[in-house]
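Containing CSV, C-alpha atoms: model-v6.csv.
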```csv
chain,number,residue,atom,x,y,z
A,116,MET,CA,132.6,-38.5,35.0
A,117,LEU,CA,135.6,-37.1,33.2
A,118,ASP,CA,134.6,-38.9,30.0
A,119,LYS,CA,131.3,-36.9,29.9
A,120,ILE,CA,133.0,-33.5,30.3
A,121,LYS,CA,133.5,-31.6,27.0
A,122,LYS,CA,137.1,-31.2,26.2
A,123,ASN,CA,138.9,-27.9,25.7
A,124,ARG,CA,136.3,-25.9,27.6
A,125,PHE,CA,137.0,-22.8,29.8
A,126,ARG,CA,135.9,-23.6,33.4
A,127,ILE,CA,135.4,-21.5,36.4
A,128,ALA,CA,135.4,-23.1,39.8
A,129,ILE,CA,133.3,-21.4,42.4
A,130,PHE,CA,133.9,-22.3,46.1
A,131,GLY,CA,131.7,-21.0,48.9
A,132,SER,CA,129.6,-22.0,51.9
A,133,ALA,CA,127.0,-24.7,51.9
A,134,ARG,CA,125.3,-23.0,54.8
A,135,VAL,CA,124.0,-19.9,53.0
A,136,GLY,CA,120.3,-19.8,52.2
A,137,GLN,CA,118.5,-18.6,49.1
A,138,ASP,CA,117.3,-15.4,50.7
A,139,ASP,CA,120.9,-14.3,51.6
A,140,LYS,CA,122.4,-11.5,49.5
A,141,THR,CA,125.6,-13.5,48.9
A,142,TYR,CA,123.5,-16.4,47.4
A,143,LYS,CA,121.8,-13.9,45.0
A,144,ASN,CA,125.2,-12.5,44.1
A,145,VAL,CA,126.7,-15.9,43.3
A,146,PHE,CA,123.6,-16.8,41.3
A,147,LYS,CA,124.0,-13.6,39.2
A,148,LEU,CA,127.8,-14.2,38.7
A,149,ALA,CA,127.2,-17.8,37.6
A,150,GLU,CA,124.4,-16.6,35.3
A,151,LYS,CA,126.8,-14.3,33.5
A,152,ILE,CA,129.4,-17.1,33.3
A,153,GLY,CA,126.7,-19.3,31.6
A,154,GLU,CA,125.8,-16.5,29.2
A,155,LYS,CA,129.4,-16.3,28.1
A,156,GLY,CA,129.4,-20.0,27.4
A,157,TYR,CA,131.9,-21.0,30.1
A,158,ASP,CA,131.5,-24.1,32.3
A,159,VAL,CA,131.0,-23.8,36.0
A,160,ILE,CA,132.3,-26.3,38.5
A,161,THR,CA,131.3,-26.4,42.2
A,162,GLY,CA,131.1,-28.8,45.1
A,163,GLY,CA,127.6,-29.7,43.8
A,164,GLY,CA,126.0,-29.2,47.2
A,165,PRO,CA,123.6,-26.7,48.8
A,166,GLY,CA,124.2,-23.0,49.6
A,167,LEU,CA,126.5,-21.1,47.4
A,168,MET,CA,127.3,-24.1,45.3
A,169,GLN,CA,123.6,-24.5,44.5
A,170,ALA,CA,123.4,-20.7,43.7
A,171,ALA,CA,126.3,-21.1,41.2
A,172,ASN,CA,124.9,-24.2,39.5
A,173,ALA,CA,121.3,-22.7,39.3
A,174,GLY,CA,122.5,-19.4,38.1
A,175,HIS,CA,124.7,-21.0,35.5
A,176,GLN,CA,121.8,-23.2,34.2
A,177,LYS,CA,119.6,-20.1,33.9
A,178,GLY,CA,122.2,-18.1,31.9
A,179,ARG,CA,123.6,-20.6,29.5
A,180,LYS,CA,122.3,-21.5,26.1
A,181,GLU,CA,121.0,-25.0,25.8
A,182,GLY,CA,123.6,-27.7,25.1
A,183,GLU,CA,126.6,-25.4,25.4
A,184,ALA,CA,128.2,-24.8,28.8
A,185,GLN,CA,128.2,-27.5,31.5
A,186,SER,CA,127.4,-27.3,35.2
A,187,LEU,CA,129.6,-29.7,37.0
A,188,GLY,CA,129.5,-30.8,40.7
A,189,LEU,CA,132.2,-32.6,42.6
A,190,THR,CA,130.3,-33.8,45.7
A,191,ILE,CA,131.7,-35.2,49.0
A,192,LYS,CA,129.8,-36.9,51.8
A,193,LEU,CA,129.4,-34.5,54.8
A,194,PRO,CA,127.0,-34.6,57.7
A,195,TRP,CA,125.1,-31.5,56.5
A,196,GLU,CA,125.5,-32.0,52.7
A,197,SER,CA,123.8,-35.3,52.1
A,198,LYS,CA,122.9,-34.9,48.4
A,199,ALA,CA,123.8,-33.0,45.3
A,200,ASN,CA,121.8,-30.0,44.2
A,201,LYS,CA,119.5,-30.5,41.2
A,202,TYR,CA,121.2,-28.0,38.9
A,203,LEU,CA,124.1,-30.3,37.8
A,204,ASP,CA,124.7,-31.7,34.3
A,205,ILE,CA,127.5,-33.9,35.5
A,206,LYS,CA,128.4,-35.0,39.0
A,207,GLU,CA,131.2,-37.1,40.6
A,208,HIS,CA,131.4,-38.1,44.2
A,209,PHE,CA,134.6,-38.2,46.2
A,210,ASP,CA,135.4,-39.7,49.6
A,211,ARG,CA,138.5,-37.6,50.2
A,212,PHE,CA,138.9,-33.9,50.0
A,213,SER,CA,142.4,-34.1,48.6
A,214,GLU,CA,141.3,-36.1,45.6
A,215,ARG,CA,138.4,-33.9,45.1
A,216,LEU,CA,140.5,-30.7,45.2
A,217,ASP,CA,143.0,-32.2,42.8
A,218,THR,CA,140.2,-32.8,40.3
A,219,PHE,CA,138.9,-29.2,40.8
A,220,MET,CA,142.4,-27.9,40.0
A,221,MET,CA,142.8,-30.2,37.0
A,222,LEU,CA,139.5,-29.0,35.5
A,223,SER,CA,139.6,-25.3,36.4
A,224,ASN,CA,141.0,-22.3,34.5
A,225,VAL,CA,140.0,-19.8,37.2
A,226,VAL,CA,139.1,-20.2,40.9
A,227,VAL,CA,136.5,-17.9,42.5
A,228,VAL,CA,136.3,-18.0,46.2
A,229,MET,CA,133.2,-16.7,47.8
A,230,PRO,CA,132.5,-16.3,51.6
A,231,GLY,CA,132.7,-19.5,53.5
A,232,GLY,CA,134.0,-21.4,56.5
A,233,ILE,CA,136.7,-24.0,57.0
A,234,GLY,CA,135.9,-26.0,53.9
A,235,THR,CA,136.1,-22.9,51.7
A,236,CYS,CA,139.3,-21.8,53.3
A,237,LEU,CA,140.7,-25.3,52.7
A,238,GLU,CA,139.8,-25.0,49.0
A,239,PHE,CA,141.4,-21.6,48.8
A,240,PHE,CA,144.6,-22.6,50.5
A,241,TYR,CA,144.9,-25.9,48.7
A,242,SER,CA,144.5,-24.1,45.3
A,243,TRP,CA,147.0,-21.5,46.3
A,244,GLN,CA,149.5,-24.1,47.5
A,245,LEU,CA,149.3,-26.2,44.3
A,246,ILE,CA,150.0,-23.1,42.3
A,247,GLN,CA,152.8,-22.0,44.6
A,248,VAL,CA,154.6,-25.4,44.2
A,249,LYS,CA,153.8,-25.6,40.5
A,250,HIS,CA,151.8,-28.8,40.8
A,251,VAL,CA,149.3,-27.0,38.5
A,252,CYS,CA,149.7,-24.1,36.1
A,253,SER,CA,149.3,-20.6,37.3
A,254,ILE,CA,145.7,-19.7,37.3
A,255,PRO,CA,143.9,-16.7,38.9
A,256,ILE,CA,142.3,-17.1,42.3
A,257,VAL,CA,139.8,-14.4,43.0
A,258,LEU,CA,138.7,-13.9,46.6
A,259,VAL,CA,135.3,-12.2,46.5
A,260,GLY,CA,134.0,-10.2,49.5
A,261,ASP,CA,135.3,-8.3,52.5
A,262,MET,CA,136.0,-11.3,54.6
A,263,TRP,CA,139.2,-12.1,52.7
A,264,ASN,CA,140.9,-8.7,53.1
A,265,ASN,CA,142.1,-9.3,56.7
A,266,LEU,CA,143.4,-12.8,55.7
A,267,ILE,CA,145.5,-11.4,52.9
A,268,LYS,CA,146.7,-8.6,55.1
A,269,TRP,CA,147.7,-11.2,57.7
A,270,ALA,CA,149.5,-13.3,55.0
A,271,ARG,CA,151.5,-10.3,53.9
A,272,LYS,CA,152.2,-9.0,57.4
A,273,ASP,CA,153.1,-12.3,59.1
A,274,MET,CA,153.9,-15.0,56.5
A,275,LEU,CA,155.6,-12.8,54.0
A,276,LYS,CA,157.4,-10.6,56.5
A,277,LYS,CA,158.8,-13.8,58.2
A,278,GLY,CA,159.9,-15.2,54.9
A,279,PHE,CA,157.5,-18.2,54.9
A,280,ILE,CA,156.2,-17.1,51.5
A,281,SER,CA,157.5,-14.9,48.7
A,282,VAL,CA,156.1,-11.8,47.1
A,283,GLY,CA,155.6,-13.8,43.9
A,284,ASP,CA,153.2,-16.1,45.7
A,285,PHE,CA,150.6,-13.3,45.7
A,286,ALA,CA,150.8,-12.9,41.9
A,287,ASN,CA,147.7,-15.1,41.2
A,288,VAL,CA,145.7,-14.1,44.2
A,289,HIS,CA,143.3,-11.2,43.7
A,290,THR,CA,140.6,-9.7,45.9
A,291,ALA,CA,137.3,-8.2,44.7
A,292,LYS,CA,134.8,-6.3,46.8
A,293,ASN,CA,131.9,-8.0,45.1
A,294,ASN,CA,131.0,-10.3,42.1
A,295,LYS,CA,130.8,-7.3,39.8
A,296,ALA,CA,134.4,-6.5,40.5
A,297,ALA,CA,135.4,-10.2,40.0
```
Is it possible to give me this structure as structure tokens?
Amino acid sequence: MLDKIKKNRFRIAIFGSARVGQDDKTYKNVFKLAEKIGEKGYDVITGGGPGLMQAANAGHQKGRKEGEAQSLGLTIKLPWESKANKYLDIKEHFDRFSERLDTFMMLSNVVVVMPGGIGTCLEFFYSWQLIQVKHVCSIPIVLVGDMWNNLIKWARKDMLKKGFISVGDFANVHTAKNNKAA
């Protein structure tokens, strides 16, 4: 897959729940955000599955000019995510989350984290940890939606206060109320 990806492209990774349907407000917001990313000529990279990943890939395809930006999907076999969505230009399948997440971070210039469950939290924390220990360069992580506010408050209140993390660890983590603020 990596040989098919255009070099020196600006890529935005979008993480989010596979369980969100097309009628959901968050699905529509992710679609609009990815459409704007496509209009700007940036690539988008997702897990390539259903839900918010599909919203991002579909919105991106709608917004981009033909032949410019690419819609990438890094799929993984899960019981409820049996196939890739149909809006991908390039897809690569992974058997392990760690290898998949390393590839996300290698390819991404920005990480946008939409609402989601354990998998989305894993993607956020893994991205944050790789930046923290300087295994990847410092890139912005944007947490979109109200669900992340209490998590960041908890991290500041408990982890930071107890010295488990440093103030500087928050430098790349940003919260946004909605995709317009992102």
Find the spatial neighbours of range 254-266 of chain A, counting all atoms listed in the file, within a cut-off of 10 Å - ignore same-chain residues fewer than 5 positions away - and output them as number ranges by chain.
A: 128-131, 141, 145, 220, 223-231, 236, 239, 242-243, 246, 271-272, 285-297
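From CA of Phe240 in chain A back to CA of Phe212 in chain A, the distance works out to 12.7 Å.
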Which neighbours of Leu222 in chain A fall inside 10 Å, counting all atoms listed in the file, when residues of the same chain fewer than 4 positions from it are skipped, and could you give them as a ChimeraX atom specification?
/A:117,120,122-128,158-160,216-218
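You will find CA of Gly166 in chain A at 4.6 Å from CA of Val135 in chain A.
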Work out how far CA of Tyr241 in chain A is from CA of Leu148 in chain A, in Å to one decimal.
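Result for CA of Leu148 in chain A versus CA of Tyr241 in chain A: 23.0 Å, one decimal.
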Could you name the residues that touch Lys206 in chain A at 8 Å or less, counting only C-alpha atoms, but leaving out those on the same chain fewer than 2 positions away, as an mmCIF file with C-alpha atoms, in the coordinates of the input?
```cif
data_model
loop_
_atom_site.group_PDB
_atom_site.id
_atom_site.type_symbol
_atom_site.label_atom_id
_atom_site.label_comp_id
_atom_site.auth_asym_id
_atom_site.auth_seq_id
_atom_site.Cartn_x
_atom_site.Cartn_y
_atom_site.Cartn_z
ATOM 1 C CA MET A 116 132.600 -38.500 35.000
ATOM 2 C CA GLY A 163 127.600 -29.700 43.800
ATOM 3 C CA LEU A 187 129.600 -29.700 37.000
ATOM 4 C CA GLY A 188 129.500 -30.800 40.700
ATOM 5 C CA LEU A 189 132.200 -32.600 42.600
ATOM 6 C CA THR A 190 130.300 -33.800 45.700
ATOM 7 C CA LEU A 203 124.100 -30.300 37.800
ATOM 8 C CA ASP A 204 124.700 -31.700 34.300
ATOM 9 C CA HIS A 208 131.400 -38.100 44.200
#
```
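Residues surrounding Pro194 in chain A within 12 Å are Ala133, Gly164, Ile191, Ser197 and Lys198 of chain A [all atoms listed in the file; sequence separation below 3 positions excluded].
With all atoms listed in the file as the basis for measurement, A:Met221 is the residue among A:Ala171, A:Leu237, A:Ile280, A:Met221 that approaches Ser253 in chain A most closely.
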Nearest to Ala149 in chain A, chosen from A:Lys119, A:Lys177, A:Arg134, A:His250, with only C-alpha atoms counted in the distances:
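For Ala149 in chain A, the nearest of the candidates is A:Lys177.
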Could you check the closest approach to His175 in chain A for each of A:Lys192, A:Asp210, A:Ile205, A:Gly156 and tell me which residue wins, using only C-alpha atoms?
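Of the candidates, the smallest distance to His175 in chain A is held by A:Gly156.
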Would you please work out which residue, of A:Phe219, A:Ser132, A:Asn144, A:Asp118, is nearest to Ile233 in chain A when using only C-alpha atoms?
A:Ser132
Which one is closest to Phe146 in chain A: A:Gln244, A:Gln176, A:Cys252, A:Glu238? Count all atoms listed in the file.
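For Phe146 in chain A, the nearest of the candidates is A:Gln176.
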Contact residues around Ser281 in chain A with all atoms listed in the file at 12 Å, ignoring same-chain residues under 3 positions, as an MDAnalysis selection string
chainID A and resid 247:248 270:278 284:286
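When only C-alpha atoms are used to measure the gap to Asn172 in chain A, the shortest distance among A:Glu207, A:Asp138, A:Glu214, A:Glu150 belongs to A:Glu150.
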Could you write range 214-235 of chain A as a PDB file, in the frame of the given file, with N, CA, C and O atoms rebuilt where they are missing?
```pdb
ATOM      1  N   GLU A 214     141.619 -35.682  46.920  1.00  0.00           N
ATOM      2  CA  GLU A 214     141.300 -36.100  45.600  1.00  0.00           C
ATOM      3  C   GLU A 214     140.352 -35.220  44.859  1.00  0.00           C
ATOM      4  O   GLU A 214     140.501 -34.884  43.680  1.00  0.00           O
ATOM      5  N   ARG A 215     139.359 -34.784  45.598  1.00  0.00           N
ATOM      6  CA  ARG A 215     138.400 -33.900  45.100  1.00  0.00           C
ATOM      7  C   ARG A 215     139.006 -32.536  44.641  1.00  0.00           C
ATOM      8  O   ARG A 215     138.761 -32.018  43.551  1.00  0.00           O
ATOM      9  N   LEU A 216     139.847 -31.993  45.502  1.00  0.00           N
ATOM     10  CA  LEU A 216     140.500 -30.700  45.200  1.00  0.00           C
ATOM     11  C   LEU A 216     141.488 -30.844  44.052  1.00  0.00           C
ATOM     12  O   LEU A 216     141.623 -29.921  43.238  1.00  0.00           O
ATOM     13  N   ASP A 217     142.168 -31.966  43.945  1.00  0.00           N
ATOM     14  CA  ASP A 217     143.000 -32.200  42.800  1.00  0.00           C
ATOM     15  C   ASP A 217     142.233 -32.158  41.502  1.00  0.00           C
ATOM     16  O   ASP A 217     142.665 -31.591  40.496  1.00  0.00           O
ATOM     17  N   THR A 218     141.040 -32.749  41.524  1.00  0.00           N
ATOM     18  CA  THR A 218     140.200 -32.800  40.300  1.00  0.00           C
ATOM     19  C   THR A 218     139.696 -31.353  40.014  1.00  0.00           C
ATOM     20  O   THR A 218     139.679 -30.957  38.842  1.00  0.00           O
ATOM     21  N   PHE A 219     139.318 -30.582  41.035  1.00  0.00           N
ATOM     22  CA  PHE A 219     138.900 -29.200  40.800  1.00  0.00           C
ATOM     23  C   PHE A 219     140.057 -28.460  40.055  1.00  0.00           C
ATOM     24  O   PHE A 219     139.812 -27.776  39.067  1.00  0.00           O
ATOM     25  N   MET A 220     141.270 -28.610  40.545  1.00  0.00           N
ATOM     26  CA  MET A 220     142.400 -27.900  40.000  1.00  0.00           C
ATOM     27  C   MET A 220     142.733 -28.369  38.556  1.00  0.00           C
ATOM     28  O   MET A 220     143.127 -27.585  37.702  1.00  0.00           O
ATOM     29  N   MET A 221     142.561 -29.644  38.319  1.00  0.00           N
ATOM     30  CA  MET A 221     142.800 -30.200  37.000  1.00  0.00           C
ATOM     31  C   MET A 221     141.836 -29.648  35.971  1.00  0.00           C
ATOM     32  O   MET A 221     142.181 -29.415  34.811  1.00  0.00           O
ATOM     33  N   LEU A 222     140.598 -29.393  36.391  1.00  0.00           N
ATOM     34  CA  LEU A 222     139.500 -29.000  35.500  1.00  0.00           C
ATOM     35  C   LEU A 222     139.370 -27.466  35.345  1.00  0.00           C
ATOM     36  O   LEU A 222     138.724 -27.007  34.414  1.00  0.00           O
ATOM     37  N   SER A 223     139.923 -26.688  36.262  1.00  0.00           N
ATOM     38  CA  SER A 223     139.600 -25.300  36.400  1.00  0.00           C
ATOM     39  C   SER A 223     140.638 -24.361  35.700  1.00  0.00           C
ATOM     40  O   SER A 223     141.832 -24.607  35.807  1.00  0.00           O
ATOM     41  N   ASN A 224     140.132 -23.292  35.079  1.00  0.00           N
ATOM     42  CA  ASN A 224     141.000 -22.300  34.500  1.00  0.00           C
ATOM     43  C   ASN A 224     141.054 -21.021  35.404  1.00  0.00           C
ATOM     44  O   ASN A 224     141.970 -20.206  35.278  1.00  0.00           O
ATOM     45  N   VAL A 225     140.052 -20.861  36.251  1.00  0.00           N
ATOM     46  CA  VAL A 225     140.000 -19.800  37.200  1.00  0.00           C
ATOM     47  C   VAL A 225     139.292 -20.318  38.461  1.00  0.00           C
ATOM     48  O   VAL A 225     138.397 -21.159  38.356  1.00  0.00           O
ATOM     49  N   VAL A 226     139.719 -19.835  39.622  1.00  0.00           N
ATOM     50  CA  VAL A 226     139.100 -20.200  40.900  1.00  0.00           C
ATOM     51  C   VAL A 226     138.497 -18.926  41.486  1.00  0.00           C
ATOM     52  O   VAL A 226     139.207 -17.935  41.663  1.00  0.00           O
ATOM     53  N   VAL A 227     137.196 -18.963  41.783  1.00  0.00           N
ATOM     54  CA  VAL A 227     136.500 -17.900  42.500  1.00  0.00           C
ATOM     55  C   VAL A 227     136.136 -18.358  43.843  1.00  0.00           C
ATOM     56  O   VAL A 227     135.467 -19.385  43.970  1.00  0.00           O
ATOM     57  N   VAL A 228     136.580 -17.637  44.871  1.00  0.00           N
ATOM     58  CA  VAL A 228     136.300 -18.000  46.200  1.00  0.00           C
ATOM     59  C   VAL A 228     135.368 -17.023  46.872  1.00  0.00           C
ATOM     60  O   VAL A 228     135.725 -15.863  47.068  1.00  0.00           O
ATOM     61  N   MET A 229     134.167 -17.481  47.170  1.00  0.00           N
ATOM     62  CA  MET A 229     133.200 -16.700  47.800  1.00  0.00           C
ATOM     63  C   MET A 229     133.265 -16.834  49.324  1.00  0.00           C
ATOM     64  O   MET A 229     134.046 -17.660  49.793  1.00  0.00           O
ATOM     65  N   PRO A 230     132.489 -16.098  50.123  1.00  0.00           N
ATOM     66  CA  PRO A 230     132.500 -16.300  51.600  1.00  0.00           C
ATOM     67  C   PRO A 230     132.213 -17.718  51.980  1.00  0.00           C
ATOM     68  O   PRO A 230     131.398 -18.393  51.350  1.00  0.00           O
ATOM     69  N   GLY A 231     132.880 -18.162  53.030  1.00  0.00           N
ATOM     70  CA  GLY A 231     132.700 -19.500  53.500  1.00  0.00           C
ATOM     71  C   GLY A 231     133.444 -19.777  54.783  1.00  0.00           C
ATOM     72  O   GLY A 231     134.118 -18.901  55.312  1.00  0.00           O
ATOM     73  N   GLY A 232     133.366 -20.999  55.221  1.00  0.00           N
ATOM     74  CA  GLY A 232     134.000 -21.400  56.500  1.00  0.00           C
ATOM     75  C   GLY A 232     135.286 -22.190  56.232  1.00  0.00           C
ATOM     76  O   GLY A 232     136.037 -21.935  55.278  1.00  0.00           O
ATOM     77  N   ILE A 233     135.497 -23.181  57.064  1.00  0.00           N
ATOM     78  CA  ILE A 233     136.700 -24.000  57.000  1.00  0.00           C
ATOM     79  C   ILE A 233     136.904 -24.673  55.690  1.00  0.00           C
ATOM     80  O   ILE A 233     137.995 -24.675  55.114  1.00  0.00           O
ATOM     81  N   GLY A 234     135.842 -25.273  55.167  1.00  0.00           N
ATOM     82  CA  GLY A 234     135.900 -26.000  53.900  1.00  0.00           C
ATOM     83  C   GLY A 234     136.332 -25.040  52.756  1.00  0.00           C
ATOM     84  O   GLY A 234     137.167 -25.375  51.907  1.00  0.00           O
ATOM     85  N   THR A 235     135.744 -23.854  52.739  1.00  0.00           N
ATOM     86  CA  THR A 235     136.100 -22.900  51.700  1.00  0.00           C
ATOM     87  C   THR A 235     137.509 -22.395  51.855  1.00  0.00           C
ATOM     88  O   THR A 235     138.226 -22.246  50.856  1.00  0.00           O
TER      89      THR A 235
END
```
